[in-house]
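Just final16.cif here, mmCIF, C-alpha atoms:
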data_final
loop_
_atom_site.label_atom_id
_atom_site.label_comp_id
_atom_site.auth_asym_id
_atom_site.auth_seq_id
_atom_site.Cartn_x
_atom_site.Cartn_y
_atom_site.Cartn_z
CA MET A 61 -17.01 -15.88 -20.21
CA ASN A 62 -13.32 -15.65 -21.08
CA ARG A 63 -11.44 -12.61 -19.83
CA ALA A 64 -8.40 -11.07 -21.48
CA SER A 65 -6.46 -12.09 -18.40
CA ASP A 66 -6.90 -15.72 -19.42
CA THR A 67 -4.57 -15.25 -22.38
CA ARG A 68 -2.38 -12.35 -21.35
CA ARG A 69 -0.44 -11.48 -18.22
CA CYS A 70 -1.60 -8.77 -15.83
CA ASP A 71 0.94 -6.38 -17.35
CA GLY A 72 -0.54 -6.94 -20.84
CA LEU A 73 2.23 -9.18 -22.16
CA PRO A 74 1.65 -12.74 -23.39
CA PRO A 75 2.44 -15.51 -20.91
CA ARG A 76 5.82 -17.16 -21.15
CA ALA A 77 7.64 -19.84 -19.21
CA ARG A 78 10.56 -18.74 -17.08
CA ARG A 79 13.34 -20.51 -15.24
CA TYR A 80 13.97 -19.49 -11.64
CA ASP A 81 15.73 -20.81 -8.63
CA ALA A 82 13.55 -21.39 -5.56
CA GLU A 83 13.90 -17.85 -4.24
CA GLY A 84 13.33 -16.39 -7.69
CA THR A 85 10.16 -18.43 -8.15
CA ARG A 86 8.79 -17.32 -4.80
CA SER A 87 9.63 -13.68 -5.55
CA ALA A 88 8.04 -13.87 -9.00
CA LEU A 89 4.86 -15.34 -7.56
CA LEU A 90 4.69 -12.66 -4.87
CA GLY A 91 5.13 -9.91 -7.46
CA ALA A 92 2.53 -11.35 -9.80
CA ALA A 93 0.10 -11.92 -6.94
CA ALA A 94 0.57 -8.36 -5.67
CA LEU A 95 -0.46 -7.01 -9.08
CA ARG A 96 -3.42 -9.37 -9.43
CA PHE A 97 -4.79 -8.88 -5.93
CA ALA A 98 -4.38 -5.09 -6.09
CA ARG A 99 -6.07 -4.75 -9.48
CA TYR A 100 -8.78 -7.40 -9.24
CA GLY A 101 -9.14 -8.30 -5.56
CA TYR A 102 -8.90 -11.73 -4.00
CA ASP A 103 -11.99 -13.35 -5.51
CA ARG A 104 -11.25 -12.35 -9.11
CA SER A 105 -7.59 -13.42 -8.98
CA SER A 106 -7.06 -17.08 -9.77
CA VAL A 107 -4.02 -19.20 -8.99
CA ARG A 108 -3.77 -20.02 -12.68
CA ASP A 109 -3.63 -16.35 -13.70
CA ILE A 110 -1.06 -15.49 -11.01
CA ALA A 111 1.17 -18.36 -12.07
CA LYS A 112 0.76 -17.39 -15.73
CA ASP A 113 1.83 -13.80 -14.96
CA ALA A 114 4.88 -15.14 -13.13
CA GLY A 115 5.69 -17.50 -16.00
CA VAL A 116 5.57 -20.66 -13.87
CA ASP A 117 3.32 -23.66 -13.39
CA ALA A 118 0.31 -23.16 -11.12
CA ALA A 119 1.40 -26.13 -9.01
CA LEU A 120 4.30 -24.02 -7.74
CA VAL A 121 1.87 -21.72 -5.95
CA TYR A 122 0.87 -24.65 -3.75
CA ARG A 123 4.45 -25.85 -3.40
CA TYR A 124 5.74 -22.51 -2.12
CA PHE A 125 2.68 -21.12 -0.32
CA GLY A 126 0.29 -24.01 0.24
CA SER A 127 -2.83 -22.20 -0.93
CA LYS A 128 -4.14 -19.08 -2.63
CA GLU A 129 -5.16 -17.74 0.79
CA ALA A 130 -1.64 -18.19 2.15
CA LEU A 131 -0.23 -16.42 -0.91
CA PHE A 132 -2.64 -13.53 -0.32
CA ASP A 133 -1.56 -13.37 3.32
CA ALA A 134 2.09 -13.23 2.27
CA VAL A 135 1.38 -10.38 -0.15
CA SER A 136 -0.81 -8.31 2.15
CA ALA A 137 1.11 -8.73 5.40
CA GLY A 138 3.43 -5.90 6.38
CA THR A 139 3.71 -3.51 3.44
CA GLY A 140 6.44 -1.51 5.18
CA LEU A 141 4.81 1.72 3.98
CA PHE A 142 4.57 3.08 7.52
CA GLU A 143 7.84 1.78 8.97
CA PRO A 144 9.84 5.05 8.81
CA LEU A 145 7.30 6.68 11.12
CA ARG A 146 8.58 4.53 13.97
CA HIS A 147 11.84 6.48 14.14
CA LEU A 148 11.60 9.52 11.83
CA PRO A 149 12.03 12.86 13.67
CA LEU A 150 8.67 14.62 13.90
CA ASP A 151 9.95 17.73 12.11
CA GLU A 152 10.79 15.56 9.08
CA VAL A 153 7.43 13.80 8.76
CA SER A 154 5.85 16.30 6.33
CA ALA A 155 8.88 16.21 4.03
CA TRP A 156 8.95 12.39 4.16
CA ILE A 157 5.29 12.14 3.17
CA CYS A 158 5.93 14.61 0.34
CA ASP A 159 8.81 12.42 -0.85
CA VAL A 160 6.64 9.29 -0.68
CA VAL A 161 3.85 10.78 -2.77
CA SER A 162 6.28 12.45 -5.20
CA ASN A 163 8.74 9.63 -5.79
CA GLY A 164 6.77 6.48 -5.05
CA PRO A 165 6.13 3.98 -7.85
CA THR A 166 3.14 4.52 -10.12
CA GLU A 167 0.32 2.01 -10.30
CA GLU A 168 1.83 0.58 -13.49
CA GLU A 169 5.19 0.02 -11.79
CA ALA A 170 3.86 -1.44 -8.55
CA PRO A 171 0.36 -1.60 -7.07
CA HIS A 172 -0.42 0.67 -4.17
CA PRO A 173 -0.20 -1.58 -1.09
CA LEU A 174 -3.56 -0.43 0.20
CA LEU A 175 -5.33 -1.55 -2.96
CA THR A 176 -4.38 -5.16 -2.31
CA LYS A 177 -6.35 -4.95 0.90
CA LEU A 178 -9.18 -2.62 -0.10
CA ARG A 179 -10.09 -4.43 -3.32
CA SER A 180 -10.43 -7.59 -1.26
CA SER A 181 -12.47 -5.86 1.42
CA SER A 182 -15.16 -8.53 1.31
CA ARG A 183 -12.66 -10.61 3.24
CA GLU A 184 -13.25 -9.32 6.75
CA GLU A 185 -9.89 -10.58 7.97
CA THR A 186 -8.14 -8.39 5.38
CA VAL A 187 -9.86 -5.24 6.59
CA GLY A 188 -9.18 -6.35 10.15
CA ARG A 189 -5.49 -6.76 9.38
CA LEU A 190 -5.32 -3.25 7.91
CA ARG A 191 -7.09 -1.90 10.99
CA GLU A 192 -4.62 -3.68 13.23
CA GLU A 193 -1.69 -2.27 11.27
CA VAL A 194 -3.02 1.29 11.48
CA THR A 195 -3.79 0.84 15.17
CA GLU A 196 -0.36 -0.59 15.98
CA VAL A 197 1.66 1.96 13.98
CA PHE A 198 -0.44 5.10 14.42
CA SER A 199 -3.02 4.87 17.22
CA GLN A 200 -0.52 3.27 19.58
CA GLY A 201 3.08 3.65 18.35
CA PHE A 202 3.07 7.05 16.68
CA ALA A 203 0.60 8.53 19.17
CA ARG A 204 3.09 7.87 21.97
CA ARG A 205 5.53 10.23 20.23
CA LEU A 206 3.03 13.11 20.27
CA GLU A 207 2.63 15.48 23.19
CA GLY A 208 -0.60 17.17 24.11
CA GLU A 209 -4.25 16.18 23.91
CA ASP A 210 -5.96 13.84 21.42
CA ALA A 211 -2.69 12.18 20.44
CA GLU A 212 -4.41 9.05 19.09
CA LEU A 213 -6.83 11.09 16.99
CA ARG A 214 -4.02 13.23 15.60
CA ALA A 215 -2.00 10.12 14.76
CA GLU A 216 -4.94 8.57 12.90
CA LEU A 217 -5.55 11.81 11.02
CA LEU A 218 -1.92 11.63 9.91
CA ALA A 219 -2.63 8.09 8.69
CA ALA A 220 -5.60 9.41 6.73
CA TRP A 221 -3.41 12.07 5.10
CA LEU A 222 -0.69 9.59 4.22
CA MET A 223 -2.95 6.87 2.83
CA GLY A 224 -5.39 9.18 1.10
CA ILE A 225 -2.81 11.37 -0.61
CA THR A 226 -0.63 8.49 -1.80
CA LEU A 227 -3.68 6.65 -3.09
CA LEU A 228 -4.99 9.67 -4.98
CA ARG A 229 -1.65 10.76 -6.42
CA LEU A 230 0.06 7.46 -7.20
CA ALA A 231 -2.80 5.05 -7.92
CA ILE A 232 -5.82 7.13 -8.92
CA ARG A 233 -3.76 10.03 -10.26
CA SER A 234 -6.30 12.74 -9.54
CA PRO A 235 -5.38 15.61 -11.88
CA ALA A 236 -4.45 18.41 -9.48
CA LEU A 237 -2.43 16.21 -7.12
CA ALA A 238 -0.68 14.46 -9.99
CA ALA A 239 0.33 17.76 -11.63
CA THR A 240 1.30 19.77 -8.53
CA PRO A 241 5.05 20.58 -8.21
CA ASP A 242 6.78 19.11 -5.19
CA ASP A 243 7.49 22.46 -3.52
CA THR A 244 3.82 23.48 -3.73
CA LEU A 245 2.70 20.10 -2.49
CA LEU A 246 5.10 20.25 0.46
CA ARG A 247 3.78 23.70 1.43
CA PHE A 248 0.23 22.44 1.67
CA LEU A 249 1.28 19.21 3.35
CA ARG A 250 3.07 21.18 6.06
CA ALA A 251 0.00 23.36 6.56
CA GLY A 252 -2.14 20.29 7.17
CA ILE A 253 0.27 17.91 8.88
CA ASP A 254 2.48 20.07 11.08
CA PRO A 255 -0.42 21.18 13.34
CA LEU A 256 -1.17 17.49 14.00
CA LEU A 257 2.36 17.01 15.26
CA ASP A 258 2.38 20.16 17.38
CA ALA A 259 1.36 19.76 21.03
CA GLY A 260 -0.51 23.06 20.80
CA CYS A 261 -2.92 21.99 18.07
CA PRO A 262 -5.70 22.56 17.35
CA GLY A 263 -6.41 26.22 17.84
CA GLY A 264 -3.45 28.03 16.30
CA GLY A 265 -1.45 28.69 19.43
CA GLY A 266 -4.33 28.68 21.86
CA GLU A 267 -5.97 31.96 20.80
CA ASP A 268 -9.67 31.90 21.45
CA GLY A 269 -10.37 34.96 19.36
#
Can you present the structure in this file as structure tokens?
Amino acid sequence: MNRASDTRRCDGLPPRARRYDAEGTRSALLGAAALRFARYGYDRSSVRDIAKDAGVDAALVYRYFGSKEALFDAVSAGTGLFEPLRHLPLDEVSAWICDVVSNGPTEEEAPHPLLTKLRSSSREETVGRLREEVTEVFSQGFARRLEGEDAELRAELLAAWLMGITLLRLAIRSPALAATPDDTLLRFLRAGIDPLLDAGCPGGGGEDG
């Protein structure tokens, strides 16, 4: 059965040949692959469709990456989404997350980096890579910056907030999150996130009632 993607690019435009230098070709293939893998997953994204979206010959995928699997690895490795958390002051984390979910690209502009991995979740190594990234950045790295008990749990809960909210607002566009003004969103984000960063959480200052 022929799909629409066989005759049109992932962005809905007809395929067209383009001229690139080597770096431009590689960049175009990475961009096209990111869209394909995020929207359709690994198994439903063909080398031919990716090359068509990029406006180049499919043979160039193998020239620059060696295989579809290697191209997928290049797209899904190291999104950079979490990098600021390695050095961002703790009292700025809530505002940073608010900025990410308010000003990040929409799904039409760029696929949410998590979708590339999650829509290819049948590939165990992809889920494993995401787990390793979360573990390295949050469970280990960010947790070391937190004082008090349950630092690893609190760091992973922060990861859940960050990934869940950005996915819902930028990719899924759930109605309330998508329509909420930034100042209101930041107020609720602080209410949920700041206690995770505070050495005294949970318990609201240690009062037992």
For this session: Return as a PyMOL selection string the set of residues that the PyMOL selection byres ((chain A and resi 211) around 12) yields on the displayed structure.
Result: chain A and resi 198-210+212-218+255-262
Problem set entry | Among the residues A:Gly101, A:Ala118, A:Asp151, A:Val161, the one that comes closest to Phe132 (chain A) [using only C-alpha atoms] | A:Gly101
Centre and edge lengths, as AutoDock Vina command-line options, for the axis-aligned box enclosing every listed atom of region 206-222 of chain A with 4 Å of padding on each of the six sides, in Å to one decimal?
--center_x -1.9 --center_y 12.6 --center_z 14.2 --size_x 17.9 --size_y 17.1 --size_z 27.9
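Take CA of Ala130 (chain A) and CA of Arg189 (chain A): the distance between them is 14.1 Å.
Across A:Arg191, A:Val197, A:Ile110, A:Ser105, the tightest approach to Tyr122 (chain A) is made by A:Ile110 when counting all atoms listed in the file.
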Problem set entry | For CA of Cys158 (chain A) and CA of Arg229 (chain A), the interatomic separation in Å (one decimal) |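 Interatomic distance here is 10.9 Å.
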Exercise. In Å, how far is it from CA of Ala88 (chain A) to CA of Ala114 (chain A)?
Worked result: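 About the pair CA of Ala88 (chain A) and CA of Ala114 (chain A): they are 5.4 Å apart.
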Problem set entry | Neighbour list for Thr226 (chain A) as a list in words, cut-off 9 Å, only C-alpha atoms, skip fewer than 4 positions in-chain |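 In the requested form, the answer reads Ile157, Val160, Val161, Ser162, Gly164, His172, Trp221, Leu222, Leu230, Ala231 and Ile232 of chain A.
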Residues picked by the PyMOL selection byres ((chain A and resi 246-248) around 9) here, as a compact mmCIF listing (two decimals) with C-alpha atoms, in the frame of the given file?
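Wrote part-v3.txt, looks like this:
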# COMPACT_ATOMS: atom_id res chain seq x y z
CA SER A 154 5.85 16.30 6.33
CA ALA A 155 8.88 16.21 4.03
CA ILE A 157 5.29 12.14 3.17
CA CYS A 158 5.93 14.61 0.34
CA ASP A 159 8.81 12.42 -0.85
CA PRO A 241 5.05 20.58 -8.21
CA ASP A 242 6.78 19.11 -5.19
CA ASP A 243 7.49 22.46 -3.52
CA THR A 244 3.82 23.48 -3.73
CA LEU A 245 2.70 20.10 -2.49
CA LEU A 249 1.28 19.21 3.35
CA ARG A 250 3.07 21.18 6.06
CA ALA A 251 0.00 23.36 6.56
CA GLY A 252 -2.14 20.29 7.17
CA ILE A 253 0.27 17.91 8.88
